[in-house]
Structure formats: structure tokens, C-alpha cells
$ cat upload.cif   # mmCIF, C-alpha atoms
data_protein
#
loop_
_atom_site.label_atom_id
_atom_site.label_comp_id
_atom_site.auth_asym_id
_atom_site.auth_seq_id
_atom_site.Cartn_x
_atom_site.Cartn_y
_atom_site.Cartn_z
CA MET A 1 4.31 -219.99 -10.29
CA THR A 2 1.01 -218.62 -8.98
CA ALA A 3 -1.72 -221.26 -8.81
CA PRO A 4 -4.58 -221.01 -11.33
CA LEU A 5 -7.74 -219.20 -10.31
CA ARG A 6 -10.52 -221.79 -10.45
CA LEU A 7 -14.06 -220.84 -11.48
CA GLY A 8 -17.40 -222.51 -10.93
CA ILE A 9 -20.00 -221.16 -13.37
CA ALA A 10 -23.70 -221.43 -12.53
CA GLY A 11 -25.93 -220.65 -15.50
CA LEU A 12 -25.09 -221.57 -19.07
CA GLY A 13 -27.36 -219.27 -21.02
CA THR A 14 -26.12 -216.64 -23.43
CA VAL A 15 -23.73 -215.00 -20.95
CA GLY A 16 -22.51 -218.20 -19.31
CA VAL A 17 -21.65 -219.75 -22.67
CA GLY A 18 -19.95 -216.49 -23.63
CA VAL A 19 -17.71 -216.68 -20.56
CA VAL A 20 -16.80 -220.31 -21.27
CA ARG A 21 -16.00 -219.47 -24.89
CA LEU A 22 -13.92 -216.44 -23.93
CA ILE A 23 -11.83 -218.46 -21.48
CA GLN A 24 -11.32 -221.25 -23.98
CA GLU A 25 -10.40 -218.99 -26.89
CA GLU A 26 -8.30 -216.40 -25.04
CA ALA A 27 -6.63 -218.49 -22.33
CA ALA A 28 -3.08 -217.33 -23.11
CA LEU A 29 -4.02 -213.65 -23.35
CA ILE A 30 -6.02 -213.80 -20.13
CA ALA A 31 -3.19 -215.55 -18.25
CA ALA A 32 -0.65 -213.00 -19.46
CA ARG A 33 -2.79 -210.10 -18.32
CA ALA A 34 -3.95 -211.66 -15.05
CA GLY A 35 -0.53 -212.93 -14.04
CA ARG A 36 -1.92 -216.44 -13.59
CA SER A 37 -4.07 -218.85 -15.53
CA ILE A 38 -7.83 -218.85 -15.10
CA GLU A 39 -9.57 -222.19 -15.35
CA ILE A 40 -13.11 -223.51 -15.17
CA THR A 41 -13.40 -226.51 -12.90
CA ALA A 42 -17.17 -227.03 -12.66
CA VAL A 43 -20.43 -225.78 -14.14
CA SER A 44 -24.14 -225.98 -13.38
CA ALA A 45 -27.33 -225.41 -15.36
CA ARG A 46 -30.91 -226.64 -15.41
CA ASP A 47 -30.55 -228.88 -18.48
CA ARG A 48 -27.39 -230.97 -18.80
CA LYS A 49 -28.36 -232.33 -22.24
CA LYS A 50 -28.98 -229.01 -23.98
CA ASN A 51 -26.71 -228.29 -26.95
CA ARG A 52 -24.82 -225.08 -26.17
CA ASP A 53 -22.30 -225.16 -29.04
CA VAL A 54 -19.38 -225.10 -26.63
CA ASP A 55 -17.28 -227.95 -25.23
CA LEU A 56 -18.11 -228.60 -21.57
CA SER A 57 -16.63 -232.10 -21.37
CA GLY A 58 -13.60 -231.01 -19.39
CA TYR A 59 -15.62 -229.61 -16.48
CA ALA A 60 -17.36 -231.28 -13.57
CA TRP A 61 -21.14 -230.92 -13.62
CA GLU A 62 -23.32 -230.08 -10.64
CA ASP A 63 -27.10 -230.17 -10.96
CA ASP A 64 -27.39 -228.10 -7.78
CA PRO A 65 -25.75 -224.66 -7.98
CA VAL A 66 -25.46 -224.58 -4.17
CA LYS A 67 -23.22 -227.65 -4.30
CA LEU A 68 -21.23 -226.00 -7.07
CA ALA A 69 -20.71 -222.94 -4.87
CA GLN A 70 -19.43 -225.16 -2.04
CA ARG A 71 -16.95 -227.24 -4.06
CA PRO A 72 -13.40 -227.12 -2.66
CA ASP A 73 -11.95 -226.81 -6.18
CA VAL A 74 -13.84 -223.55 -6.85
CA ASP A 75 -12.19 -220.27 -5.83
CA VAL A 76 -14.66 -217.90 -7.50
CA PHE A 77 -18.37 -218.59 -7.90
CA VAL A 78 -19.68 -217.03 -11.13
CA GLU A 79 -23.45 -216.58 -10.82
CA LEU A 80 -25.16 -216.13 -14.19
CA MET A 81 -28.56 -217.68 -13.46
CA GLY A 82 -30.53 -214.49 -12.80
CA GLY A 83 -33.49 -213.85 -10.55
CA ASP A 84 -33.76 -211.99 -7.25
CA SER A 85 -34.38 -215.13 -5.19
CA GLY A 86 -34.42 -218.91 -5.54
CA PRO A 87 -31.28 -220.79 -6.68
CA ALA A 88 -29.31 -217.64 -7.51
CA LYS A 89 -29.71 -216.20 -4.02
CA ALA A 90 -29.20 -219.54 -2.24
CA ALA A 91 -26.05 -220.37 -4.20
CA THR A 92 -24.58 -216.88 -3.78
CA GLU A 93 -25.16 -217.05 -0.02
CA ALA A 94 -23.58 -220.51 0.06
CA ALA A 95 -20.49 -219.28 -1.77
CA ILE A 96 -20.10 -216.35 0.62
CA ALA A 97 -20.55 -218.62 3.64
CA ALA A 98 -17.75 -220.78 2.27
CA GLY A 99 -15.53 -217.70 1.99
CA LYS A 100 -15.54 -217.67 -1.81
CA ASP A 101 -15.55 -214.58 -4.00
CA VAL A 102 -18.57 -214.04 -6.25
CA VAL A 103 -18.82 -212.54 -9.73
CA THR A 104 -22.38 -211.97 -10.92
CA ALA A 105 -24.38 -210.36 -13.70
CA ASN A 106 -27.53 -210.42 -11.55
CA LYS A 107 -28.79 -206.86 -11.06
CA ALA A 108 -32.14 -207.99 -9.62
CA LEU A 109 -30.45 -209.99 -6.85
CA LEU A 110 -28.27 -207.07 -5.80
CA ALA A 111 -31.00 -204.47 -6.18
CA HIS A 112 -33.19 -206.38 -3.72
CA HIS A 113 -30.59 -207.97 -1.41
CA GLY A 114 -27.41 -206.00 -2.03
CA GLN A 115 -26.94 -204.66 1.49
CA ALA A 116 -27.37 -208.02 3.21
CA LEU A 117 -25.10 -209.77 0.70
CA ALA A 118 -22.46 -207.05 1.02
CA GLU A 119 -22.46 -207.31 4.82
CA ALA A 120 -22.20 -211.10 4.64
CA ALA A 121 -19.38 -211.00 2.09
CA GLU A 122 -17.34 -208.48 4.02
CA ALA A 123 -17.81 -210.44 7.26
CA ALA A 124 -16.54 -213.56 5.48
CA GLY A 125 -13.60 -211.79 3.86
CA ALA A 126 -15.15 -212.37 0.42
CA VAL A 127 -15.71 -210.02 -2.49
CA ILE A 128 -18.74 -209.59 -4.77
CA ARG A 129 -18.08 -208.07 -8.18
CA PHE A 130 -20.88 -207.17 -10.57
CA GLU A 131 -19.69 -205.12 -13.54
CA ALA A 132 -21.80 -207.26 -15.88
CA ALA A 133 -24.97 -206.39 -13.96
CA VAL A 134 -25.04 -202.83 -15.31
CA ALA A 135 -24.86 -201.70 -18.96
CA GLY A 136 -23.36 -204.84 -20.49
CA GLY A 137 -19.82 -204.27 -21.70
CA ILE A 138 -19.52 -200.68 -20.45
CA PRO A 139 -17.10 -200.55 -17.47
CA VAL A 140 -19.20 -198.04 -15.56
CA ILE A 141 -18.84 -199.62 -12.10
CA LYS A 142 -15.07 -199.75 -12.48
CA ALA A 143 -15.11 -196.11 -13.57
CA LEU A 144 -17.11 -195.05 -10.50
CA MET A 145 -15.13 -197.10 -7.99
CA GLU A 146 -11.65 -196.56 -9.37
CA GLY A 147 -11.08 -193.84 -11.95
CA LEU A 148 -13.57 -191.45 -10.34
CA GLY A 149 -13.04 -192.63 -6.77
CA ALA A 150 -11.85 -189.20 -5.57
CA ASN A 151 -14.83 -187.37 -7.04
CA ARG A 152 -17.93 -186.18 -5.30
CA ILE A 153 -20.49 -187.42 -7.77
CA LYS A 154 -23.17 -184.89 -8.65
CA ARG A 155 -25.34 -186.92 -11.00
CA VAL A 156 -25.48 -190.28 -12.76
CA MET A 157 -27.83 -190.72 -15.69
CA GLY A 158 -28.20 -192.72 -18.82
CA VAL A 159 -29.99 -195.08 -21.15
CA MET A 160 -29.63 -198.48 -19.52
CA ASN A 161 -32.07 -200.76 -21.32
CA GLY A 162 -31.25 -201.60 -24.91
CA THR A 163 -34.65 -203.10 -25.64
CA CYS A 164 -36.48 -199.87 -24.78
CA ASN A 165 -33.96 -197.86 -26.76
CA TYR A 166 -34.49 -200.17 -29.73
CA ILE A 167 -38.26 -199.76 -29.51
CA LEU A 168 -38.14 -195.96 -29.30
CA THR A 169 -35.60 -195.52 -32.09
CA ARG A 170 -37.43 -198.02 -34.29
CA MET A 171 -40.72 -196.17 -33.74
CA GLU A 172 -39.03 -192.95 -34.85
CA SER A 173 -37.11 -194.30 -37.85
CA ALA A 174 -39.94 -196.46 -39.24
CA GLY A 175 -42.90 -194.34 -38.14
CA LEU A 176 -44.46 -197.37 -36.46
CA PRO A 177 -46.72 -197.39 -33.38
CA TYR A 178 -45.53 -198.80 -30.07
CA GLU A 179 -47.64 -201.97 -30.25
CA THR A 180 -46.18 -202.94 -33.64
CA VAL A 181 -42.56 -202.43 -32.58
CA PHE A 182 -43.19 -204.20 -29.27
CA GLU A 183 -44.27 -207.33 -31.15
CA GLU A 184 -41.32 -206.96 -33.49
CA ALA A 185 -38.95 -206.84 -30.52
CA ARG A 186 -40.62 -209.91 -29.06
CA ALA A 187 -40.18 -211.83 -32.33
CA LEU A 188 -36.51 -210.86 -32.45
CA GLY A 189 -35.97 -212.18 -28.92
CA TYR A 190 -35.10 -208.75 -27.48
CA LEU A 191 -37.69 -208.87 -24.68
CA GLU A 192 -37.33 -210.63 -21.36
CA ALA A 193 -39.59 -213.63 -20.71
CA ASP A 194 -41.57 -211.13 -18.62
CA PRO A 195 -41.62 -208.08 -20.97
CA SER A 196 -42.62 -205.75 -18.14
CA LEU A 197 -39.06 -205.99 -16.80
CA ASP A 198 -37.97 -204.14 -19.93
CA VAL A 199 -40.80 -201.86 -21.02
CA ASP A 200 -41.92 -200.85 -17.50
CA GLY A 201 -38.40 -199.72 -16.61
CA ILE A 202 -37.82 -202.36 -13.91
CA ASP A 203 -34.63 -203.82 -15.39
CA ALA A 204 -33.13 -200.38 -15.89
CA GLY A 205 -34.32 -199.32 -12.43
CA HIS A 206 -32.36 -202.19 -10.87
CA LYS A 207 -29.23 -200.93 -12.60
CA LEU A 208 -29.83 -197.33 -11.57
CA SER A 209 -30.22 -198.29 -7.91
CA LEU A 210 -26.83 -200.04 -7.95
CA LEU A 211 -25.10 -197.07 -9.56
CA ALA A 212 -26.72 -194.68 -7.08
CA SER A 213 -25.42 -196.72 -4.15
CA ILE A 214 -21.84 -196.55 -5.44
CA ALA A 215 -22.05 -192.92 -6.53
CA PHE A 216 -23.55 -191.51 -3.34
CA GLY A 217 -22.42 -193.94 -0.64
CA THR A 218 -25.92 -195.10 0.24
CA ARG A 219 -27.57 -198.45 0.75
CA VAL A 220 -29.21 -199.86 -2.34
CA SER A 221 -32.79 -198.59 -2.41
CA PHE A 222 -34.54 -199.98 -5.46
CA ASP A 223 -37.95 -199.55 -3.81
CA ALA A 224 -37.37 -195.78 -3.87
CA VAL A 225 -36.78 -195.64 -7.64
CA GLU A 226 -39.66 -193.88 -9.39
CA LEU A 227 -40.52 -196.09 -12.36
CA GLU A 228 -42.44 -195.18 -15.49
CA GLY A 229 -42.20 -197.30 -18.61
CA ILE A 230 -42.54 -196.51 -22.30
CA GLY A 231 -45.96 -198.07 -22.91
CA ARG A 232 -47.75 -194.70 -23.03
CA ILE A 233 -45.40 -193.18 -25.63
CA ASP A 234 -47.36 -192.51 -28.79
CA ILE A 235 -45.85 -192.18 -32.24
CA ALA A 236 -47.32 -188.66 -32.24
CA ASP A 237 -45.17 -187.74 -29.23
CA ILE A 238 -42.06 -188.92 -31.05
CA ARG A 239 -42.95 -186.87 -34.12
CA TYR A 240 -43.89 -183.73 -32.22
CA ALA A 241 -40.81 -183.98 -30.00
CA GLY A 242 -38.66 -184.23 -33.12
CA ASP A 243 -40.30 -181.15 -34.58
CA MET A 244 -39.32 -179.22 -31.45
CA GLY A 245 -35.71 -180.45 -31.43
CA TYR A 246 -35.99 -183.36 -29.01
CA ARG A 247 -35.90 -187.16 -28.94
CA ILE A 248 -37.57 -189.40 -26.37
CA LYS A 249 -35.44 -191.81 -24.33
CA LEU A 250 -36.10 -194.03 -21.30
CA LEU A 251 -33.70 -192.16 -19.05
CA GLY A 252 -32.45 -193.05 -15.61
CA VAL A 253 -31.32 -190.22 -13.34
CA ALA A 254 -29.87 -190.40 -9.83
CA GLN A 255 -28.79 -187.32 -7.91
CA THR A 256 -28.82 -185.90 -4.42
CA THR A 257 -30.73 -182.69 -3.82
CA GLY A 258 -32.02 -180.77 -0.83
CA ARG A 259 -35.04 -183.07 -1.05
CA GLY A 260 -32.95 -186.23 -0.65
CA LEU A 261 -31.78 -188.94 -3.04
CA GLU A 262 -33.66 -188.69 -6.30
CA GLN A 263 -33.83 -191.88 -8.38
CA ARG A 264 -36.12 -192.02 -11.38
CA MET A 265 -36.41 -194.10 -14.51
CA SER A 266 -38.86 -192.57 -16.95
CA PRO A 267 -39.30 -191.40 -20.53
CA CYS A 268 -37.70 -187.99 -21.03
CA LEU A 269 -37.14 -185.58 -23.87
CA VAL A 270 -33.47 -184.87 -24.53
CA PRO A 271 -32.04 -182.29 -26.99
CA VAL A 272 -31.54 -183.83 -30.43
CA GLU A 273 -27.91 -182.66 -30.55
CA SER A 274 -27.01 -184.36 -27.23
CA PRO A 275 -25.03 -187.64 -27.07
CA LEU A 276 -28.03 -189.40 -25.52
CA ALA A 277 -30.27 -188.42 -28.42
CA GLN A 278 -27.79 -189.92 -30.90
CA LEU A 279 -28.00 -193.31 -29.20
CA ASN A 280 -29.66 -195.83 -31.50
CA GLY A 281 -30.71 -199.47 -31.27
CA GLY A 282 -29.61 -201.57 -28.31
CA THR A 283 -26.67 -199.37 -27.33
CA ASN A 284 -26.41 -198.09 -23.74
CA MET A 285 -24.91 -194.86 -22.45
CA VAL A 286 -24.09 -193.75 -18.92
CA ILE A 287 -23.11 -190.17 -18.08
CA ILE A 288 -21.34 -189.45 -14.79
CA GLU A 289 -20.89 -185.92 -13.52
CA GLY A 290 -18.04 -185.58 -11.02
CA ALA A 291 -17.15 -182.45 -9.06
CA ALA A 292 -13.51 -182.70 -10.15
CA SER A 293 -13.74 -184.66 -13.39
CA GLY A 294 -16.70 -182.92 -14.98
CA GLN A 295 -18.91 -184.93 -17.29
CA ILE A 296 -17.78 -188.40 -18.35
CA VAL A 297 -19.67 -190.21 -21.13
CA LEU A 298 -19.49 -194.00 -21.41
CA ARG A 299 -21.10 -195.69 -24.40
CA GLY A 300 -21.23 -199.28 -25.62
CA ALA A 301 -23.16 -202.49 -26.08
CA GLY A 302 -25.63 -202.89 -23.24
CA ALA A 303 -26.18 -206.63 -23.54
CA GLY A 304 -25.29 -209.69 -25.58
CA GLU A 305 -22.97 -212.65 -25.21
CA GLY A 306 -19.66 -210.97 -25.96
CA PRO A 307 -20.05 -207.63 -24.16
CA THR A 308 -21.51 -209.13 -20.99
CA ALA A 309 -19.01 -211.98 -20.90
CA SER A 310 -16.27 -209.38 -21.29
CA ALA A 311 -17.57 -207.56 -18.21
CA VAL A 312 -17.70 -210.80 -16.22
CA MET A 313 -14.12 -211.61 -17.14
CA GLY A 314 -12.97 -208.10 -16.31
CA ASP A 315 -14.07 -208.78 -12.72
CA VAL A 316 -12.47 -212.24 -12.74
CA LEU A 317 -9.16 -210.79 -13.92
CA ASP A 318 -9.20 -208.23 -11.12
CA LEU A 319 -9.69 -210.99 -8.56
CA ALA A 320 -6.84 -212.98 -10.16
CA ARG A 321 -4.61 -209.91 -9.79
CA GLY A 322 -5.58 -209.49 -6.15
CA VAL A 323 -7.67 -206.34 -6.64
CA ARG A 324 -10.19 -206.29 -3.81
CA TYR A 325 -12.49 -203.61 -2.45
CA PRO A 326 -15.89 -203.44 -0.74
CA VAL A 327 -18.93 -204.44 -2.73
CA PHE A 328 -20.33 -200.92 -3.17
CA GLY A 329 -17.02 -199.07 -3.00
CA GLN A 330 -16.89 -198.52 0.76
CA PRO A 331 -17.56 -200.77 3.77
CA ALA A 332 -21.19 -201.84 3.91
CA SER A 333 -21.46 -200.61 7.51
CA THR A 334 -20.66 -197.06 6.38
CA LEU A 335 -23.30 -196.88 3.66
CA ALA A 336 -25.90 -194.30 4.65
CA GLU A 337 -29.61 -195.06 4.81
CA PRO A 338 -30.88 -192.95 1.90
CA VAL A 339 -33.58 -190.36 2.35
CA ALA A 340 -35.74 -190.68 -0.74
CA ALA A 341 -36.54 -187.38 -2.40
CA SER A 342 -40.19 -186.54 -1.87
CA VAL A 343 -40.35 -184.88 -5.29
CA ALA A 344 -38.05 -184.62 -8.26
CA ALA A 345 -36.08 -181.47 -8.99
CA PRO A 346 -37.99 -178.88 -11.07
CA ALA A 347 -37.73 -179.22 -14.84
CA PRO A 348 -39.46 -178.10 -18.01
CA PHE A 349 -42.13 -180.46 -19.37
CA TYR A 350 -43.64 -181.33 -22.71
CA ILE A 351 -47.44 -181.62 -22.61
CA ARG A 352 -49.64 -182.93 -25.41
CA MET A 353 -53.40 -182.67 -25.31
CA GLN A 354 -56.28 -182.97 -27.72
CA VAL A 355 -58.27 -179.73 -27.49
CA GLN A 356 -61.71 -178.97 -28.90
CA ASP A 357 -61.48 -176.51 -31.76
CA LYS A 358 -63.69 -173.75 -30.40
CA PRO A 359 -63.22 -170.15 -29.26
CA GLY A 360 -61.63 -169.67 -25.83
CA ALA A 361 -60.33 -173.23 -25.54
CA LEU A 362 -56.67 -172.28 -25.47
CA ALA A 363 -57.38 -169.45 -23.05
CA LYS A 364 -58.89 -171.94 -20.60
CA VAL A 365 -55.83 -174.18 -20.91
CA ALA A 366 -53.51 -171.23 -20.30
CA THR A 367 -55.55 -170.15 -17.27
CA VAL A 368 -55.23 -173.59 -15.65
CA MET A 369 -51.49 -173.56 -16.23
CA GLY A 370 -51.17 -170.10 -14.75
CA ASP A 371 -53.29 -170.97 -11.72
CA ALA A 372 -50.92 -173.92 -11.08
CA GLY A 373 -47.97 -171.55 -11.14
CA ILE A 374 -46.65 -172.92 -14.42
CA SER A 375 -45.18 -170.56 -17.01
CA ILE A 376 -45.54 -171.56 -20.67
CA ASP A 377 -42.41 -171.35 -22.82
CA ARG A 378 -43.95 -172.50 -26.11
CA MET A 379 -47.41 -173.50 -27.29
CA ARG A 380 -48.27 -174.97 -30.69
CA GLN A 381 -51.53 -176.03 -32.24
CA HIS A 382 -51.40 -178.51 -35.10
CA GLY A 383 -53.90 -179.21 -37.86
CA ASN A 384 -57.48 -180.10 -37.01
CA GLU A 385 -58.61 -183.69 -36.61
CA ALA A 386 -62.40 -183.59 -36.90
CA GLU A 387 -63.55 -181.28 -34.10
CA THR A 388 -60.33 -181.39 -32.07
CA ALA A 389 -56.73 -180.36 -32.61
CA PRO A 390 -53.49 -181.49 -30.94
CA VAL A 391 -51.95 -178.77 -28.79
CA LEU A 392 -48.36 -178.96 -27.57
CA ILE A 393 -46.98 -177.02 -24.63
CA VAL A 394 -43.41 -176.72 -23.42
CA THR A 395 -43.28 -175.26 -19.94
CA HIS A 396 -40.57 -173.40 -18.13
CA ARG A 397 -39.10 -175.22 -15.12
CA CYS A 398 -41.77 -176.31 -12.67
CA THR A 399 -42.25 -178.89 -9.96
CA ARG A 400 -43.93 -182.19 -10.65
CA GLU A 401 -46.53 -181.33 -7.98
CA ALA A 402 -47.52 -178.19 -9.86
CA LEU A 403 -47.71 -180.12 -13.09
CA ASP A 404 -49.81 -182.91 -11.58
CA TYR A 405 -52.19 -180.31 -10.19
CA ALA A 406 -52.55 -178.72 -13.62
CA LEU A 407 -53.08 -182.11 -15.27
CA SER A 408 -55.83 -182.87 -12.77
CA GLN A 409 -57.57 -179.57 -13.49
CA LEU A 410 -57.33 -179.54 -17.28
CA PRO A 411 -60.09 -182.13 -17.88
CA GLN A 412 -62.43 -179.98 -15.81
CA THR A 413 -62.21 -177.16 -18.37
CA GLY A 414 -64.49 -179.12 -20.69
CA VAL A 415 -62.30 -178.40 -23.72
CA LEU A 416 -60.15 -181.57 -23.76
CA ALA A 417 -60.78 -184.83 -25.59
CA GLY A 418 -58.95 -187.54 -23.65
CA ASP A 419 -56.23 -187.26 -21.02
CA PRO A 420 -53.17 -185.03 -21.53
CA VAL A 421 -49.71 -186.60 -21.81
CA ALA A 422 -46.75 -185.05 -19.97
CA ILE A 423 -43.05 -185.94 -20.42
CA ARG A 424 -40.14 -184.42 -18.54
CA ILE A 425 -37.46 -182.54 -20.50
CA GLU A 426 -34.07 -183.40 -19.02
CA ALA A 427 -31.28 -180.84 -18.89
CA LEU A 428 -27.95 -182.31 -20.02
#
$ encode --input "upload.cif" --output "C-alpha cells"
Amino acid sequence: MTAPLRLGIAGLGTVGVGVVRLIQEEAALIAARAGRSIEITAVSARDRKKNRDVDLSGYAWEDDPVKLAQRPDVDVFVELMGGDSGPAKAATEAAIAAGKDVVTANKALLAHHGQALAEAAEAAGAVIRFEAAVAGGIPVIKALMEGLGANRIKRVMGVMNGTCNYILTRMESAGLPYETVFEEARALGYLEADPSLDVDGIDAGHKLSLLASIAFGTRVSFDAVELEGIGRIDIADIRYAGDMGYRIKLLGVAQTTGRGLEQRMSPCLVPVESPLAQLNGGTNMVIIEGAASGQIVLRGAGAGEGPTASAVMGDVLDLARGVRYPVFGQPASTLAEPVAASVAAPAPFYIRMQVQDKPGALAKVATVMGDAGISIDRMRQHGNEAETAPVLIVTHRCTREALDYALSQLPQTGVLAGDPVAIRIEAL
């Protein structure tokens, strides 16, 4: 009989407790599918006395996660503490140095230190698996590395932060401003302790950088991800976008172009009939475009105890079965140094501005757009508000440089009240 696979779990928050509960409740099913039993031998967390509503009495306790990672009765170190440095990094490095495999849900750690950790793991004959780090219960990493392994990937994109998706869909459905829904999300416990990780696109940017590395065979380059959060999205933009057949999503896109590797996480307009536009609440969706496979759409719960614990255990089962491959799908030494795209690929844009209601105002706006080389597809003027009126423009495809130039020149026309807002329209 094959010996049990022994786990040491560091971090007993929502996901860690979910993993313990899953192993306890589904031990027979897991053993049947893995071909061997999977057992927890030791755990670690900051507070030993905290009530976690799960029985931990049968496991050894280590106050120091580094010591947990070094225990001789631990085969796989499961890192669920979080953070791009500190105990999570030290314990992961200790596990690798001891030749142990690592399963982690820590996207920040890998986004910042993925290349060094991958090189160390491969030198030690160890494996790092991280399905739970991206899109919760959606098996997107497994899809990229295995099912789509023969494909030249053309583009990866998706909605990868459930909190932002909740905020945007709640703004639309309830007609509430951003600030109100933000506080609602905070009260519901949807936001990270540092809310900027969610609403500024940082959390989702970490995930995008990991997917880009696997998809395009490059070193993880989170610093090259262009980040723009949802804080500037006004309820008016959501309404006007809807009137024109679009919805606003915080969308991550990674693709290679003649300009280099493009990685951006920003609010975008997507067609209302598209799968991404139909995504509500905390659900995530990742779309992969392969040269041979065409477009693959993966949708599911992007966070939470059950979905994320499921992803963790999917990795653990693979290790129990003897499935092993390089951290980012190919040897770390062969990952190319990415050339960051200097500018994003051309696209149409939505522009909203408050224009003074006087003769010649729209003509001045159109002249600025034309001088920047931007062709206008649609222009709408809505009802007056005092002495100004909202004007909406949808452009034909243009570069971001041309758009930025136009945005810099528009205030100089003397016909605008406030700064214009511009949002990319993503082709799907």
C-alpha cells in the first residue's frame, strides 16, 4: 500500500479551515481518487486559542511556520498565510530548502518572487503548485498547463476580483454611487484589510501576472502590469454605458503584440451580450484564446472557503498521484525576460465630459479629437444640468497616446466643466 501523503498547513483562516474540513469530511473520496490517503500531520497559525469550528486536536501544532515547513513528518507544505514577504516567504523557502513540495494560495508571494522561488524549487527537485492563487475554484492554471498545453496562447483576459465585480454590479442594479457600495462591501467583509488591494486592481494584477507567465513562457513581471482601479467609476458612467449597450467591468488582459507583452488591469466597457457582461456578484471568469483551441471560457466562484479549498486540494491530489511539472509550465531557466509593451494595442474608447451649453462647444471638442487623429464613431448629448450638459463620445480604434493627447487638450478649449473620463472598450 502506498504511504499516506502528509501535509503541514500554515495559516488557519477561511481557506486553511476549509482545507482541514474538506480532508476530514471527504477522506475516503480523496483517498480513492488520489490512490493513497492524504493526512494532516501538523498545523500553524498566529493564535492557537482561536475557535475555528473545526477539530484540530489530532494535529501537532507549531507556532513557527518555518519549523512546520522543516518537520520530517511533512511531505507537502501548504502555505495559506498570505503576504509577499515575512513568514509566508521564509516558510516557503524553508520548505523548498528541505526538498518539500509546496501548495499555496498566495498570489502576492509568487507575483513578486515567483522566478526566484521557481528556480530554487526546481534546483531542489521540489514542486510549487498554486491553483488556488488565481480565480478561486476555477481550474484555470490546470487548463493552461495541461489541457491547453499544445496551444500558442493569443490572449488571456477576465474578471479576477470578485469584490470589484460585486461593487460594479451592485452600483448598476441598485443605482447606488461607488462610495455607498464600497462601504456596503466593507460591512459585508468583502474587502481586504487593505481595500486598495481590491479596488485599485492590485490583487487582480497579481493573478494576471501569473497567468501571463504561464501563457506566454515569460518570467513573472507584476511590475509591468498597468493598474487602474474602479474608484473613478461614476454611477453616470454605468448608466450611460448601459444605454449604449455596454457594461463596465474591471478587466485583466494579457497578450503579446509587436510592442511586447501587454498586461493591463483596468475598467473596460464590454458588450452587454458578452459572457463577461453577464457576470454578476463575486463570480470570476477567465477567457483563454488558443491558436488551436479557439476561445475557452471558464467561470466560477472566485473566492470563499469551499472553492479555494477545492483548488488547494486539487493540487494536493495531483502531487499524491505523482503529477509533477515546472512551476510555470516550463523550466524556470527557459522563461524569457518579458519586454513590456510600451503602449497598449489600439481600441475604441468611451469618453464622458461635462460641456458648457453654448454655441460651438461641440465643434471645439470635435476639432481637438480630429487634431489628435481620433475618429468619432458616436456622440451623444444628454439633458442640460444648469449651464452644462453631459456629452458622450465613442471613438473608433485609436492608440492610448492619441487619446491622452486629446484629453490633455480638451480642457484648453474652455468649454469643459471638470476633467473628462475615458474608459477603454474591449473587443471580445
$ resolve_selection --input "upload.cif" --expression "the PyMOL selection byres ((chain A and resi 217) around 9)" --output "PyMOL selection string"
chain A and resi 212-216+218-219+328-330+334-336+338
$ write_last_selection --input "upload.cif" --atoms "C-alpha atoms" --output "PDB file, in the frame of the given file"
ATOM      1  CA  ALA A 212     -26.720-194.680  -7.080  1.00  0.00           C
ATOM      2  CA  SER A 213     -25.420-196.720  -4.150  1.00  0.00           C
ATOM      3  CA  ILE A 214     -21.840-196.550  -5.440  1.00  0.00           C
ATOM      4  CA  ALA A 215     -22.050-192.920  -6.530  1.00  0.00           C
ATOM      5  CA  PHE A 216     -23.550-191.510  -3.340  1.00  0.00           C
ATOM      6  CA  THR A 218     -25.920-195.100   0.240  1.00  0.00           C
ATOM      7  CA  ARG A 219     -27.570-198.450   0.750  1.00  0.00           C
ATOM      8  CA  PHE A 328     -20.330-200.920  -3.170  1.00  0.00           C
ATOM      9  CA  GLY A 329     -17.020-199.070  -3.000  1.00  0.00           C
ATOM     10  CA  GLN A 330     -16.890-198.520   0.760  1.00  0.00           C
ATOM     11  CA  THR A 334     -20.660-197.060   6.380  1.00  0.00           C
ATOM     12  CA  LEU A 335     -23.300-196.880   3.660  1.00  0.00           C
ATOM     13  CA  ALA A 336     -25.900-194.300   4.650  1.00  0.00           C
ATOM     14  CA  PRO A 338     -30.880-192.950   1.900  1.00  0.00           C
TER      15      PRO A 338
END
$ closest_residue --input "upload.cif" --among "A:Gln278, A:Ser310, A:Ser173, A:Thr41" --to "Gly136 of chain A" --atoms "all atoms listed in the file"
A:Ser310
$ closest_residue --input "upload.cif" --among "A:Arg259, A:Lys100, A:Lys107, A:Lys249" --to "Ile423 of chain A" --atoms "all atoms listed in the file"
A:Lys249
$ closest_residue --input "upload.cif" --among "A:Asp404, A:Asp419, A:Ile376, A:Ile9" --to "Pro390 of chain A" --atoms "all atoms listed in the file"
A:Asp419
$ residues_around --input "upload.cif" --residues "Val225 of chain A" --least-positions-apart "5" --cutoff "7 Å" --atoms "only C-alpha atoms" --output "list in words"
Gly205, Gln263 and Arg264 of chain A
